[in-house]
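Report on the structure given below.
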Amino acid sequence: MKTEPRSSGELAGLLSGDAAITTIVALQSRQRSRNLLLLRRLLDLVDESAAEDGAIAHFSESFDMLCAVEAAAPAQVAGLLAGPHFGAWVAACLRRLISAEPDAALPLWSDLAHLGALVISFAIAAEVEAEAAAPSRSGRVVLPGIGCVRLDDAAGWEMTVIRRHGDGTLTVRRSGTTLRVPRDPPADFLPWQGIRHLRGSSGGLQIEVELDDLDPFRDRYGPRAAGRLADGEADQWQDQFARAWSVLAGRHRDHAAAAVATLRAVIPLAAREAGRGVSATLRYASGAVSLTPQTDEVRLARTLVHEFHHIKLNLLMDSVPLCRTSRDELFYSPWRDDPRPLAGLMHGIYAGVAVADFWRAECTESHGGALAEFELARIRGQVEIGLPVLTRSKQFTSAGLSLLAAIATVVTSWPDGPVDGYPAILADDLVADHLIRWRLRNLVPRDRDIAGLAAAWRGDRPPPSIPRPALVAGHRESFAEDARLRLANRTLADGAATGNGMSSVSASQADLRLISGDYEAAAAAYRAEISAGIGSPGTWAGLAVSRRRLVGEGRDAIIMRPELVRALYDRLSADSVPTPSPLDIADWLAPACLDEQEPGPGEPSGVYLPVTLKAPQNRIPPGGRAPR
């Protein structure tokens, strides 16, 4: 039986929904083999370099019991070995041993001992007898996917022995004491916290996934997870999930079918400020999605589509190599504030195509209104910028090139969207805004080059040729969560035609003017902020976006090379009287602004960028407002 998609047609199938279900299932079957290979490597490393921790954890004994449980119920255990709990644990342990990461709060033996907790969880799910040693922290023993036994409030780490009996009961022994847990513990059994589940049923499609707020490895290398949810909070998650499932099953049937095949657990993340939603998947925790509470069921449905496409692509990348890695290659990603490796940008494009399909359906069904039009235009603009950047890499395998071709076919088949109208113009502004802010955050001109430009300016000479900027070192992963995007979403949700709701959002006057389409007033306000010493990337980008809409693209330096304009302005304003205008500097630099070129062979820290922003297809007269 063929289990690898190889042709462009099969790879294109993974961009859709239920047409890809058989491929997804085949790819998932390989996760068990991958995870067992990782476990084999972990066993070897423990023997080689962590034998003492392994002995404390009873690691070999737990492995033997895992083999016994799998032999007793191979079909049930196969799915669990491929699941997110086992994958996240084994990857975290390997990462600690390979990188020798110190963590005083988490002894290595406690991580290794978690295999015993997994064994008992598997035995419970498979309804077989088993006994294993498992760790407790502060008196709590977590059984992944099952629940948590609370022994007491003792501090620190200890080992316990847990037995799953033939009648379904558990006994937990520690320091001479034994606690018996009944089969299917009732809600009022105080030593027990059970894992909750999210359920959805609509249009003949059902789904049930874990609401995982217990697994100690659920956020080991990702965003911070929320703690144990109160009952009321869990009820709110269930209510919104059920409504989101109705959206998916009713209006996005293919995506709903793919969710049934891929999604296993939802991990609540610690909430951020209103409107700043975050979601993530971890490669080795296949089937789990981490996310903050969403603003409504449509946003949750959209987020689930986004994240389970990351899961699908991870499954594919585990089975078929799509690209070779290169430390010297970094890419601009329209979704992130940090430079991304090739695989990271591919993930963004792949998920972006699915999200565009989601918003297209929302617009077609007339459910989303102006907000759906805005989101569709924005994600399309992001994909159309990111895809050409991606294709400049020479690191793709033949399978990767086939997937790129499939993505390009889908993108070129998109019908033309509106270029006027308030939602479309606002989306175009914010796509440009992100690229300009990214440049300002991540590209730094060399001091000697800025000194040369400053000398030419003072000598009233034309600017010299402008070399490529250097990439800032030491980037931290970060998502684009800017205030202007939140303001745009609130404005569109509350009534874009009249600007309702804008006064209720905390924003600068310059941002309010930009989002409302009063570009001339916005440009003046941003110039005033810069003159007052407020030179943040957001301020400079706001001025550039306003300028782009007022004068068009051309070869305007503040749009094409904003990092140069800002750096030269900072140098000149420190020792020039009067302080020059940012726009005068931009006009002076314009003749020297050449298109970005690919990094030269062997050039360190090369970064791939769009050659230029597209010229706006709709110019607004000075003082005018965006069409509504």
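The chains in the structure tokens are called A, B, ... from first to last as shown; in each chain the residues are counted from 1, and the ligands are counted from 1 in the order shown.
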
Inset, instruction - Run DSSP on the backbone and grab whatever in stretch 276-512 of chain A lands in alpha helix (DSSP H); send it over as a PyMOL selection string. - result: chain A and resi 297-319+342-364+369-390+398-412+422-442+447-458+483-495+509-512

Inset, instruction - Pick out the residues sitting within 12 Å of A:Leu80, and hand them over as a ChimeraX atom specification; count only C-alpha atoms, and ignore anything fewer than 3 positions along from it in its own chain. - result: /A:28-29,31-33,35-36,66,69-70,73-77,83-88,118-126,144-145,264,285-287

Inset, instruction - Within 8 Å of A:Leu304, counting only C-alpha atoms, which residues show up once you throw out same-chain ones fewer than 4 positions away? Write them as a PyMOL selection string, please. - result: chain A and resi 259+289+300+308

Could you write out the selected residues, including all heavy atoms, as a CSV table (one decimal), in the first residue's frame?
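Wrote out-v2.csv, looks like this:
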```
chain,number,residue,atom,x,y,z
A,259,ALA,N,-10.4,18.1,10.0
A,259,ALA,CA,-10.2,18.3,11.5
A,259,ALA,C,-10.5,17.0,12.2
A,259,ALA,O,-9.8,16.7,13.2
A,259,ALA,CB,-11.1,19.4,12.0
A,289,VAL,N,-3.3,21.2,19.3
A,289,VAL,CA,-3.3,22.6,19.0
A,289,VAL,C,-3.4,23.4,20.3
A,289,VAL,O,-4.2,23.2,21.1
A,289,VAL,CB,-4.6,23.0,18.1
A,289,VAL,CG1,-4.7,24.5,18.0
A,289,VAL,CG2,-4.4,22.3,16.7
A,300,LEU,N,-12.5,31.2,16.2
A,300,LEU,CA,-12.0,29.8,16.6
A,300,LEU,C,-12.0,28.9,15.4
A,300,LEU,O,-11.0,28.1,15.3
A,300,LEU,CB,-12.9,29.3,17.7
A,300,LEU,CG,-12.5,27.9,18.2
A,300,LEU,CD1,-11.1,27.8,18.7
A,300,LEU,CD2,-13.5,27.5,19.4
A,308,PHE,N,-4.6,23.1,12.1
A,308,PHE,CA,-4.6,21.7,11.7
A,308,PHE,C,-3.9,21.5,10.3
A,308,PHE,O,-3.5,20.5,9.9
A,308,PHE,CB,-5.9,20.9,11.8
A,308,PHE,CG,-7.0,21.3,10.9
A,308,PHE,CD1,-7.0,21.1,9.6
A,308,PHE,CD2,-8.2,21.7,11.5
A,308,PHE,CE1,-8.1,21.5,8.8
A,308,PHE,CE2,-9.3,22.1,10.7
A,308,PHE,CZ,-9.2,21.9,9.4
```

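Between A:Cys93 and the candidates A:Ala590, A:Leu81, A:Ala113, A:Ala541, the tightest atom-to-atom separation, counting only C-alpha atoms, involves A:Ala113.
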
Inset, instruction - Can you pull out every residue within 7 Å of A:Gly542, counting only C-alpha atoms, but drop anything in the same chain fewer than 3 positions away, and send it as a list in words? - result: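 Non-adjacent residues within range: Asp433, Tyr526, Gly538, Thr539, Val545 and Ser546 of chain A.
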
Print the selection's residues with C-alpha atoms to a file, as an mmCIF file, in the first residue's frame.
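selection-v5.cif, written as the output of this step:
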```cif
data_model
loop_
_atom_site.group_PDB
_atom_site.id
_atom_site.type_symbol
_atom_site.label_atom_id
_atom_site.label_comp_id
_atom_site.auth_asym_id
_atom_site.auth_seq_id
_atom_site.Cartn_x
_atom_site.Cartn_y
_atom_site.Cartn_z
ATOM 1 C CA ASP A 433 2.727 48.032 7.066
ATOM 2 C CA TYR A 526 3.432 60.494 12.298
ATOM 3 C CA GLY A 538 5.445 51.465 14.100
ATOM 4 C CA THR A 539 5.672 55.251 13.766
ATOM 5 C CA VAL A 545 2.143 53.523 4.543
ATOM 6 C CA SER A 546 0.489 56.947 4.453
#
```

Inset, instruction - Within 9 Å of A:Ala133, counting only C-alpha atoms, which residues show up once you throw out same-chain ones fewer than 5 positions away? Write them as a ChimeraX atom specification, please. - result: /A:57-59,61-62,113-117,159-163

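The space between atom CA of A:Arg283 and atom CA of A:Ile311 spans 7.4 Å.
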
Inset, instruction - Could you give me, as a ChimeraX atom specification, each residue of stretch 33-169 of chain A that DSSP assigns to strand (DSSP E or B) when run on this structure's backbone? - result: /A:130-137,140-143,147-150,157-164

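The environment of A:Gly194 within 7 Å, counting only C-alpha atoms and disregarding residues fewer than 4 places along the same chain, consists of Ile146, Gly147 and Cys148 of chain A.
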
Once you have the residues from the selection above, write them out as a PDB file, in the first residue's frame, restricted to N, CA and C atoms.
```
ATOM      1  N   ILE A 146      -5.735  11.322  30.659  1.00  0.00           N
ATOM      2  CA  ILE A 146      -6.670  10.661  31.568  1.00  0.00           C
ATOM      3  C   ILE A 146      -7.066  11.597  32.711  1.00  0.00           C
ATOM      4  N   GLY A 147      -6.087  12.042  33.477  1.00  0.00           N
ATOM      5  CA  GLY A 147      -6.402  12.911  34.607  1.00  0.00           C
ATOM      6  C   GLY A 147      -5.208  13.071  35.525  1.00  0.00           C
ATOM      7  N   CYS A 148      -5.486  13.548  36.712  1.00  0.00           N
ATOM      8  CA  CYS A 148      -4.440  13.831  37.685  1.00  0.00           C
ATOM      9  C   CYS A 148      -4.892  13.345  39.061  1.00  0.00           C
TER      10      CYS A 148
END
```

Inset, instruction - Work out how far apart atom CA of A:Glu129 and atom CA of A:Gly166 are and give it in Å to one decimal. - result: 5.4 Å
